[in-house]
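Engineer: This is the content of coords_11.cif (mmCIF, C-alpha atoms and all ligand atoms):
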```cif
data_query
#
loop_
_atom_site.label_atom_id
_atom_site.label_comp_id
_atom_site.auth_asym_id
_atom_site.auth_seq_id
_atom_site.Cartn_x
_atom_site.Cartn_y
_atom_site.Cartn_z
CA MET A 18 1.01 1.94 -3.05
CA ALA A 19 0.67 4.73 -5.53
CA ARG A 20 1.36 5.87 -9.05
CA ILE A 21 2.98 9.28 -8.67
CA GLU A 22 2.34 12.00 -11.26
CA LEU A 23 4.55 15.07 -11.26
CA ASP A 24 2.49 17.55 -13.26
CA HIS A 25 4.57 20.49 -14.56
CA ILE A 26 6.44 20.96 -11.29
CA ARG A 27 8.72 23.98 -10.87
CA HIS A 28 10.25 25.19 -7.64
CA ALA A 29 12.15 28.29 -6.55
CA TYR A 30 13.26 28.80 -2.94
CA GLY A 31 13.56 32.58 -3.25
CA PRO A 32 10.71 35.04 -3.85
CA ASN A 33 10.00 36.45 -7.35
CA PRO A 34 11.94 34.00 -9.51
CA LYS A 35 12.61 35.51 -12.94
CA SER A 36 14.91 33.35 -15.04
CA ASP A 37 15.51 29.57 -15.11
CA ALA A 38 18.57 30.12 -12.92
CA ASP A 39 16.28 31.14 -10.03
CA TYR A 40 14.61 27.71 -10.04
CA ALA A 41 16.02 24.77 -8.06
CA LEU A 42 13.67 22.65 -10.18
CA LYS A 43 13.11 23.93 -13.69
CA GLU A 44 10.38 21.70 -15.09
CA VAL A 45 9.55 18.20 -14.00
CA HIS A 46 6.72 16.46 -15.81
CA HIS A 47 6.69 12.67 -15.43
CA THR A 48 4.66 9.77 -14.14
CA TRP A 49 6.25 7.17 -11.88
CA GLU A 50 4.57 3.79 -11.94
CA ASP A 51 2.91 2.16 -8.97
CA GLY A 52 5.28 -0.32 -7.36
CA GLY A 53 8.33 0.92 -9.24
CA ALA A 54 11.80 1.08 -7.69
CA TYR A 55 13.31 4.37 -8.82
CA ALA A 56 16.73 5.80 -8.08
CA LEU A 57 17.10 9.55 -8.31
CA LEU A 58 20.69 10.10 -9.39
CA GLY A 59 22.66 13.29 -9.92
CA PRO A 60 25.48 15.46 -8.57
CA SER A 61 25.18 17.46 -5.37
CA GLY A 62 22.93 20.51 -5.78
CA CYS A 63 21.00 19.29 -8.86
CA GLY A 64 17.66 19.25 -7.01
CA LYS A 65 17.22 15.66 -5.79
CA THR A 66 16.25 16.52 -2.22
CA THR A 67 13.98 19.31 -3.44
CA LEU A 68 12.09 16.90 -5.69
CA LEU A 69 11.87 14.22 -2.98
CA ASN A 70 10.51 16.74 -0.47
CA ILE A 71 7.94 17.91 -3.00
CA ILE A 72 6.75 14.31 -3.40
CA SER A 73 6.55 13.80 0.36
CA GLY A 74 4.87 17.15 1.03
CA LEU A 75 7.64 18.79 3.06
CA ILE A 76 7.92 21.40 0.30
CA HIS A 77 5.05 22.99 -1.57
CA PRO A 78 6.10 23.52 -5.22
CA SER A 79 6.01 27.05 -6.70
CA HIS A 80 4.14 25.68 -9.74
CA GLY A 81 2.44 22.44 -10.72
CA ARG A 82 0.64 19.58 -9.02
CA ILE A 83 1.40 16.16 -7.49
CA LEU A 84 -1.11 13.36 -8.00
CA PHE A 85 -1.21 9.99 -6.24
CA ASN A 86 -3.30 7.48 -8.20
CA GLY A 87 -4.93 10.34 -10.03
CA GLN A 88 -5.86 12.27 -6.87
CA ASP A 89 -4.40 15.76 -6.40
CA VAL A 90 -2.37 15.73 -3.15
CA THR A 91 -0.51 19.02 -3.69
CA GLY A 92 -2.22 20.62 -0.69
CA LEU A 93 -1.85 17.61 1.62
CA SER A 94 0.71 17.10 4.41
CA THR A 95 3.22 14.23 4.50
CA GLN A 96 1.04 12.41 6.99
CA GLU A 97 -2.07 12.81 4.84
CA ARG A 98 -0.14 11.57 1.85
CA ASN A 99 0.82 8.48 3.86
CA ILE A 100 4.48 8.52 2.92
CA ALA A 101 7.46 7.09 4.80
CA GLN A 102 10.66 9.06 4.38
CA VAL A 103 14.19 8.20 5.47
CA PHE A 104 16.66 11.09 5.60
CA GLN A 105 20.41 11.28 5.21
CA PHE A 106 20.93 11.66 8.96
CA PRO A 107 19.13 9.82 11.79
CA VAL A 108 15.71 11.06 12.88
CA ILE A 109 14.93 9.03 16.01
CA TYR A 110 13.75 9.35 19.60
CA ASP A 111 16.91 9.22 21.72
CA THR A 112 15.13 8.45 24.98
CA MET A 113 13.14 5.50 23.61
CA THR A 114 14.46 1.97 23.20
CA VAL A 115 15.34 0.71 19.76
CA TYR A 116 12.20 -1.45 19.85
CA ASP A 117 9.91 1.46 20.77
CA ASN A 118 11.41 3.65 18.06
CA LEU A 119 10.19 1.13 15.50
CA ALA A 120 6.89 0.42 17.26
CA PHE A 121 6.00 4.11 17.50
CA PRO A 122 4.82 4.71 13.91
CA LEU A 123 2.66 1.55 14.12
CA ARG A 124 1.13 2.24 17.56
CA ASN A 125 0.45 5.77 16.35
CA ARG A 126 -1.81 4.36 13.65
CA GLY A 127 -3.57 1.98 16.02
CA VAL A 128 -2.03 -1.27 14.79
CA ALA A 129 -2.88 -4.24 17.08
CA ALA A 130 -0.17 -5.13 19.64
CA ALA A 131 0.55 -8.60 18.22
CA ASP A 132 1.02 -7.16 14.72
CA VAL A 133 3.24 -4.41 16.08
CA ASP A 134 5.45 -7.00 17.74
CA ARG A 135 5.69 -9.17 14.64
CA LYS A 136 6.51 -6.24 12.32
CA VAL A 137 9.02 -4.71 14.73
CA ARG A 138 10.89 -8.01 15.19
CA GLU A 139 10.93 -8.63 11.45
CA THR A 140 12.34 -5.16 10.83
CA LEU A 141 14.90 -5.47 13.66
CA ASP A 142 16.23 -8.63 11.99
CA MET A 143 16.44 -6.88 8.68
CA ILE A 144 18.50 -3.98 10.04
CA ASP A 145 20.54 -6.36 12.19
CA LEU A 146 19.61 -4.74 15.52
CA ALA A 147 17.59 -7.57 17.12
CA SER A 148 20.03 -7.94 20.01
CA TRP A 149 19.83 -4.19 20.69
CA ALA A 150 16.01 -4.09 20.93
CA ASN A 151 15.84 -3.05 24.59
CA ARG A 152 18.70 -0.55 24.55
CA LYS A 153 18.00 3.18 24.61
CA ALA A 154 18.76 4.71 21.22
CA ARG A 155 20.83 7.44 22.86
CA GLY A 156 23.92 5.30 23.49
CA LEU A 157 24.14 3.84 19.99
CA THR A 158 26.67 4.65 17.27
CA ALA A 159 25.84 6.92 14.32
CA ASP A 160 25.36 4.04 11.91
CA GLN A 161 23.20 2.09 14.36
CA LYS A 162 21.04 5.19 14.74
CA GLN A 163 20.76 5.48 10.98
CA LYS A 164 19.67 1.85 10.83
CA ILE A 165 16.89 2.67 13.30
CA SER A 166 15.88 5.52 11.02
CA LEU A 167 15.80 3.13 8.10
CA GLY A 168 13.78 0.65 10.15
CA ARG A 169 11.23 3.34 11.00
CA GLY A 170 10.78 3.93 7.29
CA LEU A 171 10.33 0.24 6.54
CA VAL A 172 8.18 -0.91 9.44
CA ARG A 173 4.83 0.12 7.95
CA SER A 174 3.38 -1.84 5.07
CA ASP A 175 0.40 0.45 4.32
CA VAL A 176 2.30 3.44 2.91
CA ASN A 177 1.81 4.97 -0.54
CA ALA A 178 5.54 5.18 -1.10
CA ILE A 179 8.85 4.99 0.75
CA LEU A 180 11.32 7.76 -0.01
CA PHE A 181 15.00 7.51 0.84
CA ASP A 182 17.32 10.52 0.73
CA GLU A 183 20.90 9.21 0.59
CA PRO A 184 20.11 7.00 3.61
CA LEU A 185 23.33 5.02 3.67
CA THR A 186 25.84 7.89 3.71
CA VAL A 187 26.96 7.26 7.29
CA ILE A 188 26.89 3.44 7.03
CA ASP A 189 30.10 1.47 6.47
CA PRO A 190 30.65 -0.02 2.96
CA HIS A 191 29.90 -3.66 3.75
CA MET A 192 26.72 -2.89 5.70
CA LYS A 193 25.73 -0.55 2.89
CA TRP A 194 25.78 -3.45 0.48
CA VAL A 195 23.80 -5.67 2.88
CA LEU A 196 21.12 -3.03 3.49
CA ARG A 197 20.78 -2.21 -0.19
CA SER A 198 20.22 -5.88 -0.99
CA GLN A 199 17.58 -6.03 1.72
CA LEU A 200 15.79 -2.99 0.31
CA LYS A 201 15.68 -4.69 -3.08
CA GLU A 202 14.35 -7.87 -1.52
CA LEU A 203 11.72 -5.91 0.36
CA HIS A 204 10.68 -4.25 -2.86
CA ARG A 205 10.39 -7.62 -4.54
CA ARG A 206 8.29 -9.05 -1.69
CA PHE A 207 5.93 -6.17 -1.02
CA GLY A 208 5.99 -4.10 -4.22
CA PHE A 209 6.32 -0.73 -2.50
CA THR A 210 6.76 2.31 -4.72
CA MET A 211 10.30 3.29 -3.72
CA VAL A 212 12.31 6.37 -4.58
CA TYR A 213 15.96 6.24 -3.59
CA VAL A 214 18.10 9.38 -3.86
CA THR A 215 21.83 9.01 -4.36
CA HIS A 216 24.77 10.69 -6.06
CA ASP A 217 26.50 7.31 -6.42
CA GLN A 218 25.95 5.58 -9.77
CA THR A 219 26.75 2.11 -8.42
CA GLU A 220 24.15 2.52 -5.72
CA ALA A 221 21.57 3.75 -8.24
CA LEU A 222 22.26 1.09 -10.85
CA THR A 223 22.17 -1.80 -8.37
CA PHE A 224 19.06 -0.66 -6.53
CA ALA A 225 16.69 0.52 -9.21
CA GLN A 226 14.67 -0.81 -12.11
CA LYS A 227 14.50 2.73 -13.43
CA VAL A 228 17.12 5.38 -12.85
CA VAL A 229 16.06 9.02 -12.97
CA VAL A 230 19.06 11.15 -13.86
CA MET A 231 18.93 14.79 -12.76
CA TYR A 232 21.14 17.65 -13.89
CA GLU A 233 20.84 21.32 -12.96
CA GLY A 234 17.23 21.16 -11.82
CA GLU A 235 15.94 18.95 -14.61
CA ILE A 236 15.32 15.27 -15.22
CA VAL A 237 17.48 14.53 -18.25
CA GLN A 238 16.63 10.85 -18.61
CA ILE A 239 14.58 8.09 -17.00
CA GLY A 240 15.74 4.69 -18.08
CA THR A 241 16.94 1.22 -17.21
CA PRO A 242 20.65 0.92 -16.43
CA HIS A 243 21.01 -0.63 -19.91
CA GLU A 244 19.30 2.31 -21.65
CA LEU A 245 21.42 4.83 -19.76
CA PHE A 246 24.52 2.99 -20.80
CA GLU A 247 23.68 2.38 -24.47
CA ARG A 248 21.58 5.43 -25.35
CA PRO A 249 22.33 8.40 -23.09
CA LYS A 250 19.72 11.02 -23.98
CA HIS A 251 21.96 13.87 -22.87
CA THR A 252 25.75 14.08 -22.92
CA PHE A 253 25.64 14.62 -19.14
CA VAL A 254 24.20 11.09 -18.70
CA GLY A 255 27.07 9.81 -20.84
CA TYR A 256 29.67 11.52 -18.65
CA PHE A 257 28.04 10.79 -15.31
CA ILE A 258 27.31 7.10 -15.84
CA GLY A 259 30.14 4.78 -16.70
CA SER A 260 33.72 4.64 -15.58
CA PRO A 261 35.30 6.32 -17.35
CA GLY A 262 32.34 8.16 -18.87
CA MET A 263 31.43 8.52 -22.53
CA ASN A 264 33.90 10.24 -24.89
CA VAL A 265 32.30 13.27 -26.51
CA VAL A 266 33.90 14.98 -29.51
CA PRO A 267 32.77 17.93 -31.66
CA VAL A 268 31.75 16.90 -35.18
CA GLU A 269 30.16 18.08 -38.39
CA ILE A 270 27.50 15.78 -39.78
CA GLU A 271 27.35 15.07 -43.51
CA GLY A 272 24.71 12.48 -44.34
CA SER A 273 25.73 9.22 -42.68
CA LYS A 274 29.22 10.48 -41.85
CA ALA A 275 30.66 12.60 -39.07
CA ARG A 276 33.75 14.72 -39.59
CA PHE A 277 35.98 15.13 -36.51
CA GLY A 278 38.95 17.33 -37.47
CA GLY A 279 40.66 15.42 -40.27
CA GLN A 280 38.83 12.15 -39.48
CA VAL A 281 35.69 10.78 -41.08
CA ILE A 282 33.56 8.47 -38.95
CA GLU A 283 30.81 6.22 -40.30
CA LEU A 284 27.53 6.67 -38.39
CA PRO A 285 24.91 3.98 -37.70
CA GLY A 286 22.40 5.96 -39.83
CA THR A 287 21.54 9.40 -41.15
CA GLN A 288 20.07 12.13 -39.04
CA GLN A 289 16.27 12.12 -39.27
CA SER A 290 15.60 15.76 -38.47
CA ALA A 291 17.46 18.78 -39.87
CA ALA A 292 20.84 19.36 -38.22
CA LYS A 293 20.77 22.24 -35.81
CA GLY A 294 22.91 23.43 -32.95
CA ARG A 295 26.30 22.29 -31.73
CA MET A 296 26.86 18.74 -33.00
CA GLU A 297 28.79 16.13 -31.02
CA LEU A 298 29.51 12.44 -31.28
CA GLY A 299 29.48 10.28 -28.15
CA ILE A 300 31.18 6.91 -27.84
CA ARG A 301 31.76 4.94 -24.67
CA PRO A 302 35.29 3.63 -23.97
CA GLU A 303 33.83 0.09 -24.21
CA TYR A 304 33.16 0.70 -27.94
CA VAL A 305 36.53 2.21 -28.83
CA ARG A 306 38.69 -0.48 -30.50
CA LEU A 307 42.50 -0.30 -30.49
CA GLY A 308 44.43 -1.95 -33.26
CA ARG A 309 46.56 -1.43 -36.35
CA GLU A 310 43.79 0.07 -38.46
CA GLY A 311 41.60 3.13 -38.19
CA MET A 312 42.53 6.56 -36.93
CA PRO A 313 46.17 6.99 -35.87
CA VAL A 314 46.58 8.02 -32.22
CA SER A 315 49.28 8.64 -29.67
CA ILE A 316 48.98 7.05 -26.24
CA ALA A 317 49.02 9.44 -23.29
CA LYS A 318 48.54 6.94 -20.49
CA ILE A 319 47.62 3.34 -19.67
CA GLU A 320 45.88 2.51 -16.39
CA ASP A 321 45.79 -1.12 -15.35
CA ILE A 322 42.73 -1.62 -13.16
CA GLY A 323 42.72 -5.39 -12.85
CA ARG A 324 40.06 -6.86 -15.09
CA HIS A 325 40.90 -4.45 -17.93
CA LYS A 326 43.07 -1.52 -18.92
CA ILE A 327 41.97 2.04 -19.54
CA VAL A 328 43.96 3.51 -22.41
CA ARG A 329 44.06 7.29 -22.80
CA ALA A 330 44.71 7.99 -26.47
CA ARG A 331 45.05 11.35 -28.22
CA LEU A 332 43.18 11.99 -31.44
CA GLU A 333 42.91 15.40 -33.13
CA GLY A 334 44.23 17.01 -29.97
CA GLN A 335 41.56 15.44 -27.76
CA GLU A 336 41.84 12.64 -25.23
CA ILE A 337 39.81 9.51 -26.02
CA ALA A 338 39.48 6.77 -23.41
CA ALA A 339 39.37 3.17 -24.58
CA ILE A 340 38.86 0.00 -22.59
CA LEU A 341 41.19 -2.82 -23.49
CA PRO A 342 40.85 -6.41 -22.22
CA GLU A 343 43.51 -7.37 -19.68
CA ASP A 344 45.20 -9.87 -22.02
CA GLU A 345 45.56 -7.44 -24.96
CA ASP A 346 48.45 -5.05 -25.49
CA VAL A 347 48.55 -1.65 -27.13
CA PRO A 348 50.03 -2.15 -30.62
CA ALA A 349 53.30 -0.44 -31.59
CA ASP A 350 51.65 1.86 -34.15
CA PRO A 351 48.28 2.38 -32.44
CA HIS A 352 45.05 3.24 -34.25
CA ILE A 353 41.50 3.40 -32.97
CA ARG A 354 38.11 2.63 -34.48
CA PHE A 355 34.68 3.49 -33.13
CA ASP A 356 32.36 0.50 -33.14
CA THR A 357 29.35 1.82 -35.07
CA LYS A 358 26.76 0.33 -32.73
CA GLY A 359 28.20 2.35 -29.83
CA ILE A 360 27.88 5.73 -31.56
CA ASN A 361 25.35 8.36 -30.45
CA VAL A 362 24.99 11.83 -31.98
CA TYR A 363 24.04 14.96 -30.02
CA ALA A 364 22.76 18.40 -30.98
CA ASP A 365 23.20 20.98 -28.23
CA SER A 366 23.84 18.11 -25.78
CA TRP A 367 20.58 16.22 -26.59
CA ARG A 368 20.61 12.94 -28.49
CA VAL A 369 19.30 13.00 -32.05
CA ALA A 370 17.70 10.03 -33.78
CA LEU A 371 19.61 8.34 -36.58
CA GLY A 372 17.83 6.09 -39.03
CA GLY A 373 17.63 4.80 -42.56
P1 LIG A 401 20.60 17.84 -4.02
O1 LIG A 401 19.74 17.12 -3.04
O2 LIG A 401 20.58 17.25 -5.40
O3 LIG A 401 22.01 18.01 -3.54
P2 LIG A 401 18.98 20.16 -3.37
O4 LIG A 401 17.59 19.82 -3.80
O5 LIG A 401 19.30 20.08 -1.94
O6 LIG A 401 20.03 19.34 -4.25
O7 LIG A 401 19.29 21.65 -3.86
C1 LIG A 401 18.98 22.14 -5.16
C2 LIG A 401 19.32 23.62 -5.22
O8 LIG A 401 18.45 24.35 -4.37
C3 LIG A 401 20.73 23.96 -4.79
O9 LIG A 401 21.20 25.01 -5.59
C4 LIG A 401 20.56 24.41 -3.35
O10 LIG A 401 21.55 25.33 -3.00
C5 LIG A 401 19.19 25.08 -3.38
N1 LIG A 401 18.48 24.92 -2.08
C6 LIG A 401 18.23 23.76 -1.44
N2 LIG A 401 17.54 23.97 -0.29
C7 LIG A 401 17.39 25.30 -0.21
C8 LIG A 401 16.77 26.17 0.75
N3 LIG A 401 16.17 25.68 1.84
N4 LIG A 401 16.81 27.49 0.51
C9 LIG A 401 17.39 28.00 -0.61
N5 LIG A 401 17.99 27.25 -1.53
C10 LIG A 401 18.00 25.92 -1.35
MG MG A 402 20.23 16.23 -1.20
#
```
Can you give me the file's structure in the form of structure tokens?

Structural biologist:
Amino acid sequence: MARIELDHIRHAYGPNPKSDADYALKEVHHTWEDGGAYALLGPSGCGKTTLLNIISGLIHPSHGRILFNGQDVTGLSTQERNIAQVFQFPVIYDTMTVYDNLAFPLRNRGVAAADVDRKVRETLDMIDLASWANRKARGLTADQKQKISLGRGLVRSDVNAILFDEPLTVIDPHMKWVLRSQLKELHRRFGFTMVYVTHDQTEALTFAQKVVVMYEGEIVQIGTPHELFERPKHTFVGYFIGSPGMNVVPVEIEGSKARFGGQVIELPGTQQSAAKGRMELGIRPEYVRLGREGMPVSIAKIEDIGRHKIVRARLEGQEIAAILPEDEDVPADPHIRFDTKGINVYADSWRVALGG
């Protein structure tokens, strides 16, 4: 297993990159702990696959270095880095049996026959293909083939890291859940360093100890699901995580108060550094309280989604989402309050510290 250091990584696919816009990865400078389970989360095109392929060695970065346990591996191939990688679509040998597909990476490295057999059977059980062991891979369905691919990534226990690039895309929802639980269990048992790419927040939040949120070629936050929920470092994290996402409104800050149109909102503290840039206040729908006191609103829409209701209120010409418990009703003359502990303040989209 390895601690992975990404040392000032930048990457452009085209020649002669000039501005930031020419870079698929703008600047990535982070250390990922040995044995950590990381999810790499972000919308399509934000650079997840690029970063994963730089870690595995399929792509050589335009700038910067990769270190495994302090050793520079930037010039090494995937094989030399000793990485297992599972891609979005199956990479298997069609003419081999399911069993041989899994045995291949082990035999290749000279693992003893008895150990090969034990590992292959264990892995076949995990991916639920034990009864298909002697079938040729060619005749299998797309999701069975993807399970073989997954198995090939999991069969070796001597790798530095296992990287997954949206591996469950073609798998049906129930099996997805089963496989994800097994990956977590495997991580718990063997302590592999795992990096799991996904654009699905549920998948990221249930798999990982640490979620790495990417946006337009940058890592905007690395945090536990709790940190991403309570203290989004960037407004994008607020929008992207949560359902619905964080409400963000333009404000002017005056000491420990924020002015939003004609409203004055009490902040959890005063800004520690001098105010600069475009100021915004972020509040998750979970912290917006509906009642008879506070700021008067009109109600645009109420969505009943079972365990709770999502209320779309209008305040100062902007829509504010609030989450209301199932057994509560919207009052006749509705007002909202922002629970102070749920308030975050942003300058040019980045969170600013409040204190005092
Ligand atoms: P993600 O995996 O998050 O969807 P990618 O890492 O695949 O994002 O892509 C990041 C950016 O780099 C995108 O703008 C994409 O169009 C571009 N890109 C990806 N692969 C290539 C390539 N081989 N050549 C040129 N541009 C690419
Ligand atoms: Mg991708």

Engineer: Mind pulling up the distance from CA of Glu220 in chain A to CA of Val137 in chain A?

Structural biologist: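 The value is 26.4 Å.
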
Engineer: Would you mind listing what lies within 12 Å of Pro261 in chain A as a PyMOL selection string, with all atoms listed in the file counted and same-chain residues fewer than 3 positions away left out?

Structural biologist: chain A and resi 246+255-258+264-265+300-303+320+322+326-329+337-340

Engineer: If the limit is 8 Å from any atom of ligand MG 402 (chain A), counting only C-alpha atoms and all ligand atoms, which residues qualify? Return them as a ChimeraX atom specification.

Structural biologist: /A:61-62,64-67,182-183,214

Engineer: Return as JSON the box centre and box size in Å, one decimal, for an axis-aligned box around all listed atoms of ligand LIG 401 (chain A) padded by 4 Å per side.

Structural biologist:
```
{"center_x": 19.1, "center_y": 22.6, "center_z": -1.9, "size_x": 13.8, "size_y": 18.9, "size_z": 15.4}
```

Engineer: Name the residues within 7 Å of (1.2, 6.4, -3.2), counting all atoms listed in the file in the file's coordinates, and put them as a list in words.

Structural biologist: Met18, Ala19, Arg20, Ile21, Phe85, Asn86, Val176, Asn177 and Ala178 of chain A

Engineer: Once you count only C-alpha atoms and all ligand atoms, which residues end up within 10 Å of ligand LIG 401 (chain A), and could you hand them over as a VMD selection string?

Structural biologist: chain A and resid 28 to 31 38 to 42 57 to 71 76 182 to 183 214 to 216 231 to 234

Engineer: Can you work out which one of A:Gly279, A:Pro313, A:Gly53, A:Gly323 has the shortest atom-to-atom distance to Pro342 in chain A, counting all atoms listed in the file?

Structural biologist: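 Looking only at the distances to Pro342 in chain A, the closest residue turns out to be A:Gly323.
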
Engineer: Taking (2.1, 22.2, -7.9) in the file's coordinates, which residues come within 12 Å, counting all atoms listed in the file, written as an MDAnalysis selection string?

Structural biologist: chainID A and resid 22:29 42 44:46 68 71:72 74 76:84 89:93

Engineer: I'd like the interatomic distance between CA of Gly278 in chain A and CA of Ser366 in chain A, to a tenth of an Å.

Structural biologist: 19.1 Å

Engineer: Generate the missing atoms of range 99-107 of chain A up to all heavy atoms and report them as a PDB file, in the coordinates of the input.

Structural biologist:
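Dumped to out.pdb:
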```pdb
ATOM      1  N   ASN A  99       0.467   9.837   3.428  1.00  0.00           N
ATOM      2  CA  ASN A  99       0.820   8.480   3.860  1.00  0.00           C
ATOM      3  C   ASN A  99       2.116   7.993   3.212  1.00  0.00           C
ATOM      4  O   ASN A  99       2.158   6.988   2.515  1.00  0.00           O
ATOM      5  CB  ASN A  99      -0.335   7.522   3.565  1.00  0.00           C
ATOM      6  CG  ASN A  99      -0.246   6.276   4.413  1.00  0.00           C
ATOM      7  OD1 ASN A  99       0.539   6.227   5.366  1.00  0.00           O
ATOM      8  ND2 ASN A  99      -1.020   5.272   4.070  1.00  0.00           N
ATOM      9  N   ILE A 100       3.163   8.754   3.504  1.00  0.00           N
ATOM     10  CA  ILE A 100       4.480   8.520   2.920  1.00  0.00           C
ATOM     11  C   ILE A 100       5.456   8.204   4.059  1.00  0.00           C
ATOM     12  O   ILE A 100       5.366   8.797   5.117  1.00  0.00           O
ATOM     13  CB  ILE A 100       4.963   9.833   2.259  1.00  0.00           C
ATOM     14  CG1 ILE A 100       4.152  10.134   1.009  1.00  0.00           C
ATOM     15  CG2 ILE A 100       6.444   9.815   1.984  1.00  0.00           C
ATOM     16  CD1 ILE A 100       4.721   9.546  -0.237  1.00  0.00           C
ATOM     17  N   ALA A 101       6.354   7.272   3.854  1.00  0.00           N
ATOM     18  CA  ALA A 101       7.460   7.090   4.800  1.00  0.00           C
ATOM     19  C   ALA A 101       8.708   7.670   4.156  1.00  0.00           C
ATOM     20  O   ALA A 101       8.943   7.472   2.965  1.00  0.00           O
ATOM     21  CB  ALA A 101       7.668   5.613   5.104  1.00  0.00           C
ATOM     22  N   GLN A 102       9.468   8.431   4.934  1.00  0.00           N
ATOM     23  CA  GLN A 102      10.660   9.060   4.380  1.00  0.00           C
ATOM     24  C   GLN A 102      11.855   8.821   5.296  1.00  0.00           C
ATOM     25  O   GLN A 102      11.760   8.989   6.505  1.00  0.00           O
ATOM     26  CB  GLN A 102      10.419  10.574   4.201  1.00  0.00           C
ATOM     27  CG  GLN A 102      11.517  11.287   3.442  1.00  0.00           C
ATOM     28  CD  GLN A 102      11.133  12.702   2.997  1.00  0.00           C
ATOM     29  OE1 GLN A 102      10.045  13.197   3.308  1.00  0.00           O
ATOM     30  NE2 GLN A 102      12.016  13.357   2.271  1.00  0.00           N
ATOM     31  N   VAL A 103      12.959   8.420   4.706  1.00  0.00           N
ATOM     32  CA  VAL A 103      14.190   8.200   5.470  1.00  0.00           C
ATOM     33  C   VAL A 103      15.203   9.241   4.996  1.00  0.00           C
ATOM     34  O   VAL A 103      15.456   9.359   3.795  1.00  0.00           O
ATOM     35  CB  VAL A 103      14.749   6.777   5.240  1.00  0.00           C
ATOM     36  CG1 VAL A 103      16.021   6.570   6.057  1.00  0.00           C
ATOM     37  CG2 VAL A 103      13.712   5.729   5.585  1.00  0.00           C
ATOM     38  N   PHE A 104      15.756   9.986   5.945  1.00  0.00           N
ATOM     39  CA  PHE A 104      16.660  11.090   5.600  1.00  0.00           C
ATOM     40  C   PHE A 104      18.119  10.643   5.661  1.00  0.00           C
ATOM     41  O   PHE A 104      18.427   9.547   6.123  1.00  0.00           O
ATOM     42  CB  PHE A 104      16.420  12.268   6.548  1.00  0.00           C
ATOM     43  CG  PHE A 104      15.005  12.778   6.476  1.00  0.00           C
ATOM     44  CD1 PHE A 104      14.017  12.268   7.319  1.00  0.00           C
ATOM     45  CD2 PHE A 104      14.647  13.744   5.544  1.00  0.00           C
ATOM     46  CE1 PHE A 104      12.709  12.722   7.238  1.00  0.00           C
ATOM     47  CE2 PHE A 104      13.346  14.200   5.451  1.00  0.00           C
ATOM     48  CZ  PHE A 104      12.379  13.692   6.302  1.00  0.00           C
ATOM     49  N   GLN A 105      18.988  11.568   5.245  1.00  0.00           N
ATOM     50  CA  GLN A 105      20.410  11.280   5.210  1.00  0.00           C
ATOM     51  C   GLN A 105      20.990  11.066   6.612  1.00  0.00           C
ATOM     52  O   GLN A 105      21.913  10.306   6.802  1.00  0.00           O
ATOM     53  CB  GLN A 105      21.110  12.456   4.514  1.00  0.00           C
ATOM     54  CG  GLN A 105      22.530  12.208   4.134  1.00  0.00           C
ATOM     55  CD  GLN A 105      23.051  13.278   3.166  1.00  0.00           C
ATOM     56  OE1 GLN A 105      22.338  14.212   2.808  1.00  0.00           O
ATOM     57  NE2 GLN A 105      24.281  13.128   2.746  1.00  0.00           N
ATOM     58  N   PHE A 106      20.433  11.779   7.596  1.00  0.00           N
ATOM     59  CA  PHE A 106      20.930  11.660   8.960  1.00  0.00           C
ATOM     60  C   PHE A 106      19.791  11.177   9.865  1.00  0.00           C
ATOM     61  O   PHE A 106      18.623  11.418   9.580  1.00  0.00           O
ATOM     62  CB  PHE A 106      21.499  12.997   9.428  1.00  0.00           C
ATOM     63  CG  PHE A 106      22.661  13.416   8.568  1.00  0.00           C
ATOM     64  CD1 PHE A 106      22.511  14.401   7.604  1.00  0.00           C
ATOM     65  CD2 PHE A 106      23.887  12.774   8.672  1.00  0.00           C
ATOM     66  CE1 PHE A 106      23.566  14.753   6.771  1.00  0.00           C
ATOM     67  CE2 PHE A 106      24.958  13.116   7.848  1.00  0.00           C
ATOM     68  CZ  PHE A 106      24.793  14.106   6.897  1.00  0.00           C
ATOM     69  N   PRO A 107      20.145  10.471  10.957  1.00  0.00           N
ATOM     70  CA  PRO A 107      19.130   9.820  11.790  1.00  0.00           C
ATOM     71  C   PRO A 107      18.060  10.784  12.324  1.00  0.00           C
ATOM     72  O   PRO A 107      18.386  11.874  12.778  1.00  0.00           O
ATOM     73  CB  PRO A 107      19.928   9.236  12.942  1.00  0.00           C
ATOM     74  CG  PRO A 107      21.341   9.254  12.539  1.00  0.00           C
ATOM     75  CD  PRO A 107      21.497  10.240  11.431  1.00  0.00           C
TER      76      PRO A 107
END
```
